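J.: Here it is: the structure, laid out below.
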Amino acid sequence: MDLDAFSRLLGDEGQSLLAGLRDFDPAHELSVATRLRRDHPAELVSAALAQARLRQRAVAKFGTEDAARMYFTPNGLEQSTRASVAAHRARRFTGELGVRRLADLCSGVGGDALALARAGVSVLAVDRDPLTCAVARANAEAL
């Protein structure tokens, strides 16, 4: 997925597709894709299906509720910190170290940044890849 496809996914049509795919069965992906492509652009359907698959895989790291609202890239999901680990780190930063502001360099999709923000830290999340930055920004807005 490129930045343009991701931006379209964040629009009303993309959000509608994602909502409809929340509980989709990957075993039926071909029939679902065929049906959706009758009414939606093929690239948007592909992006939504890819995101739905990533969200299903993300449940193990982020839990059902957060994973269903977050956005991912394949590499971003693989490299992201498990939510329980990120929350533990955030507690250490705030409790033991008294951190209130932090720059998360190479933040990826924002797993650590989100946990830090939930713990009350003002976070500047930085990444080199524009798509990854857009995904992290969308995650911060979603959560």
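Following the order of the structure tokens, chains are lettered A, B, ..., residues in each are numbered from 1, and ligands are numbered from 1.
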What parts of chain A does DSSP call alpha helix (DSSP H)? I'd like the answer as a count of residues only.
T.: 88
J.: Excluding segment 80-87 of chain A and residues on its chain fewer than 3 positions from it, collect all residues at most 10 Å away from it, counting only C-alpha atoms, and give them as a PDB file with C-alpha atoms, in the first residue's frame.
T.:
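Dumped to out_26.pdb:
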ATOM      1  CA  ALA A  58      -2.705  -7.568  15.389  1.00  0.00           C
ATOM      2  CA  VAL A  59      -5.153  -8.877  17.985  1.00  0.00           C
ATOM      3  CA  ALA A  60      -2.348 -10.959  19.523  1.00  0.00           C
ATOM      4  CA  LYS A  61      -0.252  -7.825  20.131  1.00  0.00           C
ATOM      5  CA  PHE A  62      -2.818  -5.127  20.755  1.00  0.00           C
ATOM      6  CA  GLY A  63      -6.004  -6.853  21.908  1.00  0.00           C
ATOM      7  CA  ASP A  66      -7.423  -1.578  19.831  1.00  0.00           C
ATOM      8  CA  PHE A  72      -0.848  -1.223  10.182  1.00  0.00           C
ATOM      9  CA  ASN A  75       6.478  -4.429   8.574  1.00  0.00           C
ATOM     10  CA  GLY A  76       4.972  -2.127  11.167  1.00  0.00           C
ATOM     11  CA  LEU A  77       2.921  -4.928  12.673  1.00  0.00           C
ATOM     12  CA  ALA A  90       5.387   3.574  29.888  1.00  0.00           C
ATOM     13  CA  ARG A  91       4.786   2.911  33.590  1.00  0.00           C
ATOM     14  CA  ARG A  92       8.530   2.761  34.186  1.00  0.00           C
ATOM     15  CA  PHE A  93       9.119   6.005  32.304  1.00  0.00           C
ATOM     16  CA  SER A 107       8.327   5.018  16.233  1.00  0.00           C
ATOM     17  CA  GLY A 108       6.907   2.786  13.526  1.00  0.00           C
ATOM     18  CA  VAL A 109       3.109   2.455  13.736  1.00  0.00           C
ATOM     19  CA  GLY A 110       3.219   3.993  17.212  1.00  0.00           C
ATOM     20  CA  GLY A 111       2.762   1.128  19.684  1.00  0.00           C
ATOM     21  CA  ASP A 112       5.151   2.583  22.257  1.00  0.00           C
ATOM     22  CA  ALA A 113       4.075   6.166  21.566  1.00  0.00           C
ATOM     23  CA  LEU A 114       0.436   5.254  22.171  1.00  0.00           C
ATOM     24  CA  ALA A 115       1.219   3.558  25.475  1.00  0.00           C
ATOM     25  CA  LEU A 116       3.286   6.549  26.572  1.00  0.00           C
ATOM     26  CA  ALA A 117       0.521   8.972  25.616  1.00  0.00           C
ATOM     27  CA  ARG A 118      -2.034   6.884  27.527  1.00  0.00           C
ATOM     28  CA  ALA A 119       0.277   7.146  30.550  1.00  0.00           C
TER      29      ALA A 119
END
J.: Leaving out Asp2 of chain A and any residue of its chain fewer than 6 positions from it, which residues lie within 12 Å of it when counting only C-alpha atoms, given as number ranges by chain?
T.: A: 8-9, 43-44, 46-47, 73, 129-132, 134-135
J.: Could you write those residues out with N, CA and C atoms, as a compact mmCIF listing (two decimals), in the first residue's frame?
T.:
# COMPACT_ATOMS: atom_id res chain seq x y z
N ARG A 8 -6.89 7.25 1.02
CA ARG A 8 -8.24 6.90 0.58
C ARG A 8 -8.92 5.96 1.57
N LEU A 9 -8.13 5.11 2.19
CA LEU A 9 -8.67 4.19 3.19
C LEU A 9 -9.22 4.95 4.40
N GLU A 43 -8.36 -0.85 -6.11
CA GLU A 43 -7.24 -0.52 -5.23
C GLU A 43 -7.70 -0.28 -3.79
N LEU A 44 -8.85 0.35 -3.64
CA LEU A 44 -9.38 0.60 -2.30
C LEU A 44 -9.82 -0.71 -1.64
N SER A 46 -8.57 -3.66 -2.26
CA SER A 46 -7.33 -4.38 -1.91
C SER A 46 -6.72 -3.82 -0.63
N ALA A 47 -6.69 -2.49 -0.52
CA ALA A 47 -6.13 -1.86 0.69
C ALA A 47 -6.97 -2.21 1.92
N THR A 73 1.04 -1.43 8.73
CA THR A 73 1.73 -1.90 7.54
C THR A 73 2.24 -3.28 7.91
N ASP A 129 9.76 6.95 7.25
CA ASP A 129 8.87 6.59 6.16
C ASP A 129 7.56 7.38 6.23
N PRO A 130 7.20 8.11 5.17
CA PRO A 130 5.96 8.90 5.21
C PRO A 130 4.70 8.06 5.44
N LEU A 131 4.61 6.87 4.85
CA LEU A 131 3.44 6.02 5.08
C LEU A 131 3.36 5.60 6.54
N THR A 132 4.47 5.21 7.11
CA THR A 132 4.50 4.81 8.51
C THR A 132 4.09 5.97 9.41
N ALA A 134 2.06 8.39 8.57
CA ALA A 134 0.61 8.55 8.40
C ALA A 134 -0.14 7.49 9.19
N VAL A 135 0.36 6.28 9.22
CA VAL A 135 -0.27 5.19 9.99
C VAL A 135 -0.20 5.52 11.48
J.: Would you work out the distance separating atom CA of Arg101 of chain A from atom CA of Gly120 of chain A, expressed in Å to one decimal?
T.: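 Answer for the atom CA of Arg101 of chain A to atom CA of Gly120 of chain A separation: 8.9 Å.
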J.: Tell me, in Å to one decimal, how far atom CA of Val45 of chain A is from atom CA of Val32 of chain A.
T.: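 Distance reported for this atom pair: 9.4 Å.
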